[in-house]
Structure formats: structure tokens, C-alpha cells
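Colleague: Can you read through this structure? Questions will come right after.
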Amino acid sequence: MNVAIIDVGSYTVRLLVGRREEWGIEAVREARAAVALGAEIERDGSISAPKLLETAQCVRSYARVARKLGVHALEVIVTAPGRQSANAGALVQSLRDATGAEVRVLSSVEEGRFAFAGAVSSSDVAAESVGVCDVGGGSTEIVVGTRAEGPAWVRSFDIGALRLTSRMPDEDPPSRRSLVAAKGEIERSLEGFTPPLPQAALATGGTARALRKLVGPNLGPDEFSTALAVLTKRPSARVAKTFGIDKERAGTLAAGTLILAAVQERLGVVLGVARSGLREGAALALLDEAAAA
């Protein structure tokens with residue numbers, strides 16, 4: 001049975017058509033488009049009419065692709081833009097009109113739970129307690145739980161790679177001064193953040209996937225230092241070309257790296273880059289709903 005998830009985030013719109021396998025979700029078709037809703041929300045507090053139209057057209061095209069593949073169920077999920085934009089209702093309505101599908105604005109807790117389920121489903125981590133960190137464009141979710149029982153502790157912070165980048169000076173590459181300012185913003189956002197300490201941890205999301213190309217599949221203090229050394233010496237276009245990273249993603253990677261580094265320090269364990277995350281977790285939930293119907 002195939003299902004489709006269309007994920008509308010702060011930076012991208014992504015399509016996942018997948019089916020369940022023993023190790024998690026196998027992707028049948030994936031696609032992505034950069035729409036950068038978070039940049040407008042951060043700048044203006046809401047999403048402009050042209051950007052609403054662009055997003056709806058993108059989601060409509062992905063829904064057509066999914067239906068041509070004969071999916072059993074299709075769901076559109078909206079993450080931080082649905083919580084942070086003053087006209088989130090207009091966004092949801094435009095997506096519903098464009099697709100005729102269920103449009104679900106995820107709470108921060110739901111987003112964290114889906115990210116945890118997806119990351120753990122495709123991981124061979126055998127530790128009893130596992131932490132998962134998902135750095136998105138507009139928010140960051142941190143979850144601690146177990147493979148058997150699921151999430152036990154969930155927190156979300158309204159700071160993500162795109163949102164933090166928009167608050168940094170417009171420098172490419174970012175200067176040390178910019179990094180210091182960004183670290184201060186992160187510290188203010190994470191003030192009072194005291195998670196239970198897991199035995200192992202995973203990082204998911206676009207920042208983590210990009211960092212894997214720069215420094216490998218495990219992210220600790222040394223890897224973060226190496227990544228920041230690269231990102232402060234090379235403009236984003238060169239980083240993108242050298243490491244095969246989307247150019248816009250490369251432009252927010254320093255900010256995302258700083259957020260992940262701050263979370264990793266507080267969790268106290270090296271982060272392994274997960275092969276899956278939010279969309280796979282949402283797909284697993286949709287498959288469970290379909291099976292129970």
C-alpha cells in the first residue's frame with residue numbers, strides 16, 4: 001500500500017510517496033521545491049498572495065503526481081508556517097482548494113513525534129533511550145524516548161536555520177562576528193532547556209543531511225568545528241558546488257550547524273545523521289490509520 005505525504009515547511013515543499021517495509025518507509029517517489037515561506041514570515045509576519053499562489057501550485061502538482069501513482073491515501077502537512085504566519089488560515093485554505101486533500105497543521109509536539117518515529121524507524125541504534133533533533137527552517141524539535149514506547153519528552157523552539165539566518169548580518173560567507181551574534185540568539189532561544197540525557201541521539205532534517213556531505217554521518221564537537229571552518233571561508237555558492245548541496249540550503253547551513261551544535265552539547269552524545277525523519281514518520285502514521293479503517 002502506497003501513501004503520500006506533502007510536507008509544507010519554512011524552506012521547502014516536499015513530496016514523499018512511500019510504502020512500509022520492515023525497516024521503515026521505502027520511498028517510491030520523492031520531490032522537493034524551495035518556496036522559502038519562512039523568509040516572508042520572518043520579514044513581514046505573514047505570507048504574500050504571490051507566495052501563497054506559488055505554494056498552492058506546487059502542492060497541486062505534487063498531489064497530481066501522487067494520485068497518478070495510485071496512492072491509497074494522501075495528506076498535506078504544514079509545519080512551522082502553519083503556526084507562525086499571521087495568515088496561516090489562508091495558507092491552509094489555499095492548499096485544501098488546490099488538492100482537495102486533508103491539510104493538517106502540525107502542532108510542535110506532533111512534528112516532534114513524527115520526526116522521532118521516522119528517524120528511529122530506519123535506524124539500527126540499539127540504545128534504550130534515544131534523542132532526536134530536527135532542525136527545520138522555522139523551528140527546532142527535540143525529542144527523547146525509546147524505540148519500544150516512543151517519545152517521552154518533546155520540546156520545540158521557534159528558531160530554525162532559515163529564521164536564524166534572516167537575523168544574521170547579510171554576509172556570505174558569514175564572519176566570526178555573525179557567528180557570535182547567532183550563538184547569542186540560540187542561547188536566548190534555548191534558555192532553560194534541560195533535556196533528559198539519552199544514551200544515543202539522531203539528527204534529522206535538511207541541515208543534518210547537508211552536514212553529512214561536509215563532515216560525515218556522525219556529528220560531534222570536532223565535526224561542527226570542521227563544518228564551520230569550511231562555511232566561514234567559502235561563499236555559499238562554492239560550498240554548494242563542492243559538496244553537492246542545494247545553493248539556498250548552503251546559505252543557511254552555518255545557522256543550522258550552530259543550532260545543532262548547541263543541541264548536541266546539551267544532549268551530551270554525538271548525533272548520528274538519520275536516514276529518515278518527519279515525512280517518513282507521518283507516512284507511518286497514515287499507513288496505520290489506513291490499516292485501521
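Letters A, B, ... go to the chains of the C-alpha cells in the order shown; residues in each chain start at 1; ligands are counted from 1 in the same order.
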Which of stretch 31-188 of chain A counts as helix (DSSP H, G or I) under DSSP, as a ChimeraX atom specification please?
Modeller: /A:37-44,49-68,80-84,88-99,108-121,161-167,176-188
Colleague: Tell me which protein, DNA and RNA residues are within 10 Å of A:Glu141, counting only C-alpha atoms, leaving out same-chain ones fewer than 3 positions away, and put them as a ChimeraX atom specification.
Modeller: /A:108-113,115-116,132-136,154-160,204,263
Colleague: Give me, as a list in words, all polymer residues having an atom no more than 6 Å from A:Ala250, counting only C-alpha atoms and skipping those fewer than 2 positions away in the same chain.
Modeller: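 Within the cut-off, the hits are Ser236, Ala240, Lys247, Glu248, Thr252 and Leu253 of chain A.
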Colleague: Can you measure atom CA of A:Leu267 to atom CA of A:Leu106 for me? One decimal in Å is fine.
Modeller: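 A separation of 24.6 Å between them.
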Colleague: Which residue is closest to A:Ala49? Choose from A:Ala90, A:Ala34, A:Ala254, A:Leu69 and count only C-alpha atoms.
Modeller: A:Ala90
